[in-house]
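**Student:** First the structure, which I've put down as structure tokens, then a few questions once you've had a look.
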Amino acid sequence: MSVEIKLSRSNRTYHPNEPLQGKIITKLPSSLSHRGIQLTVNGSVNLQVRGGSAGLIESLYGVLKPVRIVYLPISLSPFLSLSQCLLVHHGRRALRFNHLGRLLQAQHRQCIPFSIILNHKGEDIKFYETFHGANINIQYLLTVDIVRGYLHKSLSATVEFIIESELANLPQKPVSPETVFFYITQDTQRHALLPELKSGGFKVSGRICTQCLVSDPLVGELTVETSAVPIYSIDVHLLRVESIMVGEKIATETSIVQTTQIADGDVCRTISLPIYLILPRLLTCPTVFAGPFSVEFKVTIVVTFQTELYNVQPKSDPRSFRKWVAMESLPLELVQSQ
Amino acid sequence: MEFKARDYRDDDKLYSLNRVSVSSHPLCSSPSKSLSHTQDHGSIEFFDPLREVSTEILEPVEDIAVAEKHPASRQTSHLSSKEWSSFNKLLMQRFPVPKMISVSSVTSKTIKGSKATVELPANTQSDELNDSQKLTEGGFKTVSQQEFIKRLHELKDEIMRSWQSDDRVTTLKLSIKVARLLMDTSVAQFYPTLFVLATDIMDMLGDMVWDRIKQKAEFGDDGTKICSLSDDFDANSICFEAKETCTNWFRKIASVHDLLPRIYLELAILPCWRFLQDDVINDLMRLVTMIKGVADPLASAYCRFFLIHCAQKLPQRDTGHLISCISDLKIELTRIVSMKETKYGSFLGDRRLVISLMEPTIEYTMRCIFKDPNQVGDMIVNLGLVNKSLELYGEVPWISIILHYLLRELPTAVICPKAVEFLHLVDCSSDYSFDQCLNYKMLGLKLCEEISQVNTVDVLIDEVVKVATRRKSLDEYLKILDAYMDIVLQYKMGDYLSSVLSAIFEKLCNEVVTDDELASLQSIILKLVTHFDDMKYVFDLNYFVDILDVMHGTSRSIVSMHILNNATRNDHINDPTTIKLLFDVAQSLHDSVDFSNTKQDDNQQAQRLIARFIDKVDHGTDLDRHLTFLVDCRGAFSTMNDLKEILVHSSNLLATRALRLRSKKKKDNLNFIKSCITYNEVTIPSIPSYSRQLILYLETAEVSLLGGLISHSDGLLDSAVSCLQDVNLLDGMRKNEDIDGIVSLMRKLCSFILMVPGNLEQGVTYLPKSILSLLDSQSWITPKLRIKILCSLLSLFATFSQNELPYHAVHEEVIGNDRLFYGHATYSQQLVSLSTIILHNIIDIIPQESSQNTRGKLALEACNCIATSLKVNDEISSVCSKLVETARSCLGPNDKYLQSTINFVHKQSPLSVGGK
């Protein structure tokens, strides 16, 4: 005895102005009476604050009240046979049914198609794109409940669907890859370096895109021009910066989304190495600045040098400033593709 | 008892067939008289030291059959994938793998780690895929080779299993694990094997992903066929679902932190880019540049190697990546080569080992670059070898190991016209990645392939000699010169040749010659030997003979064999100095080969060559000199038994030639023949085989009778008979074929005795008597053999008894017995009495034969012989009927031979014999 939702698209990705379509699939051993079927669309931004730049008191709040984006409860009459085609519309509009009844028939598989319009003209709902971060979660869920009287537990199923920004709503500015040149030397570092790094000197230069389509790889290149101390590894960290308004304050936390190695070992000098990062889905989204929260991104180029100390020190946060590491951070604006 | 009288002239007329003259030989198929012996010198194996299979392999890696790949409907890649797998097999055999392999701790974790570590991830996203632990953690551990290989096979099976159970995440995780193994180059000599096994898994993964996405593109959710993709499909024709799956794979792989595994995995599914976009070359080129980020030269070299392999699966035949790979490799090698030995010693380890491990990848890349003969022009421009107008860039040094494989793969049409320029290129490219001297050699060998196209030969050789002279070691000097020797010879550059030879000799005198040097020397000498038709020219070369003397061991034998082979190609060898030198060569060959071991082909080859040489030597009319030569040969080649026979034959031939010359000084001539015969008399006893001795004695006796030397022939026949007295039972004489051989030899002896005048001192029938006593005394003579010889003797006596013998000796001074003893009563009596003894003997011996069948046949044979030789009177017919009875009891009455014998005997006598 189960119920499940199958969305029409295998990648579960929809634009806000597209109808969310799919089927409710029931598998029942025997016919079942019910007191109605309820479909619920629930989109919300969940915020939580822990550590980071938030103060002690704010962190005590823990989970903040979610910011609701969309909530659409759609009830189907209990006198309804669902074997027929069914159209479900937005709440205030009347629901039209072809046939009434109260039994779900015992069939091996019974499909109840549905179609929901999420965004009606005239209503101004801001659909943020789906994003799973450390403190901020933008999530859209579709739940089905088959209510079965007082003594029976209702059958339910939930599925997440993914919202991508509407094409029409995107800013029409041409996204030309905006590259920024960077260089990393012993003098650009704000933390203490090993003495041999200081004295020997090094220079890693390159360029990287700072505005990038979420669907496109982040590209760039870098060159080790000089380095007296052999290089151990060069990595590119993709970081997200999540900010949440807590009362009067803004709690910001930066965390690593993905690290990608660009150079493994002491590479040849003056050779250009490509930076090529495919942005992970769901973990990235177009840069958002909303009232109560914002999601931004950064890239950091991290150069690790060979040292004896590396073996001695315990593993620590890769972002912390270690003496044998040089780095350079650059802001990254992510844009939805056109 | 009476002998039957015969008239041989009448018999001859009666029995001989009518003769018809014909114009051509019935057995000769073509009228042309081709000399077959000029063609059999090609059989000598030429040992090319370069082609020698490396015997260094310590222990062959267990037979790891690389699974046959099924490039799903990608026929374009079919050929190259075959080539790839065969190259991989070679790769594994090329490097000896120690039993224990030292590995980094991460590798050892993968190898030894429990299989239970495969946990299902909650989220399919990146972080789980990167349990990145740094290689520097922990020290090195050792794993046995078998364990390592076993684990890799297990991993492959696990990947396959998880794929079949639709667990793609585990498949990917395990594949990443395998790819990560390739980061560990501390396994050193095991790395190629590891690479082969790991890339086999990568290929498998690639094929599985490709098939899955293709299936998604061709079939709908419900299994109905949507479309069928052709080999050169368009990315536009791929449905959204398939594209989505494909993108997901690339995303997952892109989230792998470590660079090398990420590259390997993307390469594995590289062909899948075609589902997303039509042009894959950009991504291929991006991967080429990404490999630059891998600093470990070994890891990056093999990664490029895999890239080239994967690129072959693409339908586009682009070569840009090959060029980039080579130029990246060049940069990397330049760095290694220029690095100070002490600095970063631990990082690169043994650099020579690293370079030798990288070598196959360079070889493969170069081979791919020059695969298409139509593109050679573009390629050499792209490689930066020549400029747009196809002129070689001046003295820009190359990494010598790359240059080596470049030279190897470049077509001769490119090299030959620019020989000097290439020489300069080799000249300026000197580093320890590859022995420069071998590059000189490679260039030389290339030029020799197409000698006619080589330009400016004089300048070239002049420079080569200079280059070679600069080399301090003799080995290098020889190696370089060896490669260019063909050019020197082809263009008849005599001056260079003699100066080179004198230089070689000078150097040889100053040093102890090593095996390597000998090999090069051998090659040079062989080139000289095979170049000239007449060995006279070769021996005339300055220092050639001296250099030959310095050589030793097997190379000396090989050279000697070639010299002899070459010399005996001509019809006659008559130049005295050449004969002398060849004799020395043959002698050194003889001394170097152990002839006691006759089973070896080499020995037989040597023996044959020496024999042929002796055969070909011709002193013209100077027969004495030739005999002296034969005497020398006997002394020099004393251990070669077969050769002694040839010597005896030669001496006999010499004697007959002397006879034929009919020189005016008859006396001298006779003396010469005598000395020939004496030579034989001395030589024959040293031959171990008795039957061979018998043949040679007979032959010599014939020759001496031809020369009218009756006493000599008597003596020889005597020795012939007596040599059979010493036959050892263990000599292998008992074999049937030997018995038959002896029978025919004895028959031959008997028919020869017929010509020999009876010796009055020893008695006319001295020889037959001694044969008879031999038969009685020797226990090894079987009854069968005895009967046959007795029959021959009986026939002999019957013939002796005739008034005129069927044939006589040629020499006028040798008078036959028929004339010597015409009408002699005692002579006839002797014959009769001996025949009586023989008759008795026959009757006595026949029952001794153990085999019934043979006994019967022998009885019939004897009966026939008796009935032919003797007049059939009562006495004889009773003997005959006795024999017939014996035969009947043995063979049965219906035997055809029996019947015809009875008929024959019956015809000979008025009385009836035997059964009805």
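Just remember, in the structure tokens the first chain shown is A, the second B, etc., residues are 1-based per chain, and ligands are 1-based in the order shown.
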If you take only C-alpha atoms and a cut-off of 8 Å, which residues of chain B touch chain A, and what are their nearest atom pairs and distances in Å to one decimal, in chain and number order, as a Markdown table?
**Tutor:**
```
| residue | atom | partner | partner_atom | distance |
| --- | --- | --- | --- | --- |
| B:Gln125 | CA | A:Pro280 | CA | 7.9 |
| B:Ser126 | CA | A:Gln258 | CA | 7.2 |
| B:Asp127 | CA | A:Gln258 | CA | 7.5 |
| B:Thr136 | CA | A:Asn311 | CA | 7.0 |
| B:Glu137 | CA | A:Asn311 | CA | 6.5 |
| B:Glu241 | CA | A:Ser10 | CA | 7.4 |
| B:Glu244 | CA | A:Asn11 | CA | 7.7 |
| B:Arg251 | CA | A:Ile278 | CA | 6.3 |
| B:Ala254 | CA | A:Ile278 | CA | 6.0 |
| B:Ser255 | CA | A:Gln258 | CA | 7.1 |
| B:Val256 | CA | A:Thr260 | CA | 7.1 |
| B:His257 | CA | A:Thr260 | CA | 4.6 |
| B:Asp258 | CA | A:Gln261 | CA | 5.4 |
| B:Leu259 | CA | A:Gln261 | CA | 5.2 |
| B:Leu260 | CA | A:Asp264 | CA | 7.9 |
| B:Arg286 | CA | A:Pro274 | CA | 7.3 |
| B:Thr289 | CA | A:Leu273 | CA | 6.3 |
| B:Met290 | CA | A:Pro274 | CA | 5.9 |
| B:Lys292 | CA | A:Leu273 | CA | 6.5 |
| B:Gly293 | CA | A:Ala263 | CA | 4.1 |
| B:Val294 | CA | A:Asp264 | CA | 4.9 |
| B:Ala295 | CA | A:Val267 | CA | 4.4 |
| B:Asp296 | CA | A:Gly265 | CA | 6.6 |
| B:Ile331 | CA | A:Cys268 | CA | 8.0 |
| B:Glu332 | CA | A:Cys268 | CA | 7.0 |
| B:Arg335 | CA | A:Cys268 | CA | 7.5 |
```
**Student:** Can you list, as a list of chain:residue names, every protein, DNA or RNA residue that comes within 6 Å of region 421-438 of chain B when you count only C-alpha atoms, leaving out same-chain residues fewer than 3 positions away?
**Tutor:**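 Listing them by chain and then by number gives B:Glu395, B:Pro397, B:Trp398, B:Ser400, B:Ile401, B:Lys418, B:Lys441, B:Met442.
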**Student:** May I ask which of the residues B:Leu284, B:Val703, B:Leu754, B:Ala419 is the closest one to Cys325 (chain B), counting only C-alpha atoms?
**Tutor:**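 Of B:Leu284, B:Val703, B:Leu754, B:Ala419, the one nearest Cys325 (chain B), counting only C-alpha atoms, is B:Leu284.
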**Student:** Would you mind telling me which residue in B:Leu14, B:Ala567, B:Leu796, B:Val454 lies nearest to Ile579 (chain B) when using only C-alpha atoms?
**Tutor:**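 For Ile579 (chain B), the nearest of the given residues is B:Ala567.
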**Student:** Neighbouring residues of region 328-337 of chain A were defined as those with any atom within 8 Å, considering only C-alpha atoms; residues of the same chain fewer than 3 positions away were excluded. Please report them as number ranges by chain.
**Tutor:** A: 165, 167, 170, 182-184, 209-215, 285-287, 296-302
**Student:** Could you take the residues named above and write them with C-alpha atoms, as a PDB file, in the first residue's frame?
**Tutor:**
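The new file part-v9.pdb reads:
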```pdb
ATOM      1  CA  SER A 165      14.611  31.217 -12.892  1.00  0.00           C
ATOM      2  CA  LEU A 167      14.066  33.008 -18.796  1.00  0.00           C
ATOM      3  CA  LEU A 170      16.350  37.441 -16.437  1.00  0.00           C
ATOM      4  CA  PHE A 182      45.401  37.921 -10.363  1.00  0.00           C
ATOM      5  CA  TYR A 183      48.835  37.272  -9.075  1.00  0.00           C
ATOM      6  CA  ILE A 184      50.008  35.653  -5.912  1.00  0.00           C
ATOM      7  CA  CYS A 209      36.171  34.517 -14.842  1.00  0.00           C
ATOM      8  CA  THR A 210      34.357  36.425 -12.152  1.00  0.00           C
ATOM      9  CA  GLN A 211      30.993  36.376 -13.813  1.00  0.00           C
ATOM     10  CA  CYS A 212      29.831  33.042 -14.933  1.00  0.00           C
ATOM     11  CA  LEU A 213      26.701  31.265 -16.047  1.00  0.00           C
ATOM     12  CA  VAL A 214      25.666  28.550 -13.603  1.00  0.00           C
ATOM     13  CA  SER A 215      25.372  26.078 -16.444  1.00  0.00           C
ATOM     14  CA  CYS A 285      22.615  29.049  -7.695  1.00  0.00           C
ATOM     15  CA  PRO A 286      22.583  32.495  -9.245  1.00  0.00           C
ATOM     16  CA  THR A 287      23.834  35.041  -6.800  1.00  0.00           C
ATOM     17  CA  GLU A 296      27.117  34.951  -2.925  1.00  0.00           C
ATOM     18  CA  PHE A 297      30.098  33.009  -4.207  1.00  0.00           C
ATOM     19  CA  LYS A 298      33.861  33.326  -4.215  1.00  0.00           C
ATOM     20  CA  VAL A 299      36.778  31.491  -5.749  1.00  0.00           C
ATOM     21  CA  THR A 300      40.083  31.082  -3.979  1.00  0.00           C
ATOM     22  CA  ILE A 301      43.264  29.981  -5.609  1.00  0.00           C
ATOM     23  CA  VAL A 302      45.340  28.133  -3.063  1.00  0.00           C
TER      24      VAL A 302
END
```
**Student:** Got a sec: who's within 10 Å of Ile69 (chain A), counting only C-alpha atoms, leaving out chain neighbours fewer than 2 positions off, as an mmCIF file with C-alpha atoms, in the first residue's frame?
**Tutor:**
```cif
data_model
loop_
_atom_site.group_PDB
_atom_site.id
_atom_site.type_symbol
_atom_site.label_atom_id
_atom_site.label_comp_id
_atom_site.auth_asym_id
_atom_site.auth_seq_id
_atom_site.Cartn_x
_atom_site.Cartn_y
_atom_site.Cartn_z
ATOM 1 C CA ASN A 42 5.496 24.338 -0.487
ATOM 2 C CA GLY A 43 8.431 26.554 -1.405
ATOM 3 C CA SER A 44 10.449 28.145 1.354
ATOM 4 C CA VAL A 45 13.826 29.515 2.359
ATOM 5 C CA PRO A 66 11.511 30.085 7.276
ATOM 6 C CA VAL A 67 10.758 32.586 4.580
ATOM 7 C CA TYR A 71 2.275 27.585 -0.343
ATOM 8 C CA ILE A 125 5.846 35.879 -6.146
ATOM 9 C CA LYS A 126 9.612 35.881 -6.222
ATOM 10 C CA PHE A 127 10.709 32.348 -6.997
ATOM 11 C CA TYR A 128 14.270 31.988 -5.838
ATOM 12 C CA ILE A 138 15.903 27.130 -0.832
ATOM 13 C CA GLN A 139 13.668 24.172 -1.417
ATOM 14 C CA TYR A 140 10.442 23.363 -3.222
#
```
**Student:** What gap, in Å, lies between CA of Met183 (chain B) and CA of Thr199 (chain B)?
**Tutor:** 12.9 Å
**Student:** Run DSSP on the backbone and tell me which residues of region 212-453 of chain B come out as strand (DSSP E or B); list them as a PyMOL selection string.
**Tutor:** chain B and resi 219+225+294+386+392
**Student:** Output C-alpha atoms of each residue in that selection to a file, as a PDB file, in the first residue's frame.
**Tutor:**
```pdb
ATOM      1  CA  PHE B 219      15.056   3.842 -26.562  1.00  0.00           C
ATOM      2  CA  LYS B 225      12.883   2.259 -29.960  1.00  0.00           C
ATOM      3  CA  VAL B 294      50.522  16.802 -13.273  1.00  0.00           C
ATOM      4  CA  VAL B 386      61.262  22.160 -40.271  1.00  0.00           C
ATOM      5  CA  LEU B 392      65.420  22.124 -41.160  1.00  0.00           C
TER       6      LEU B 392
END
```
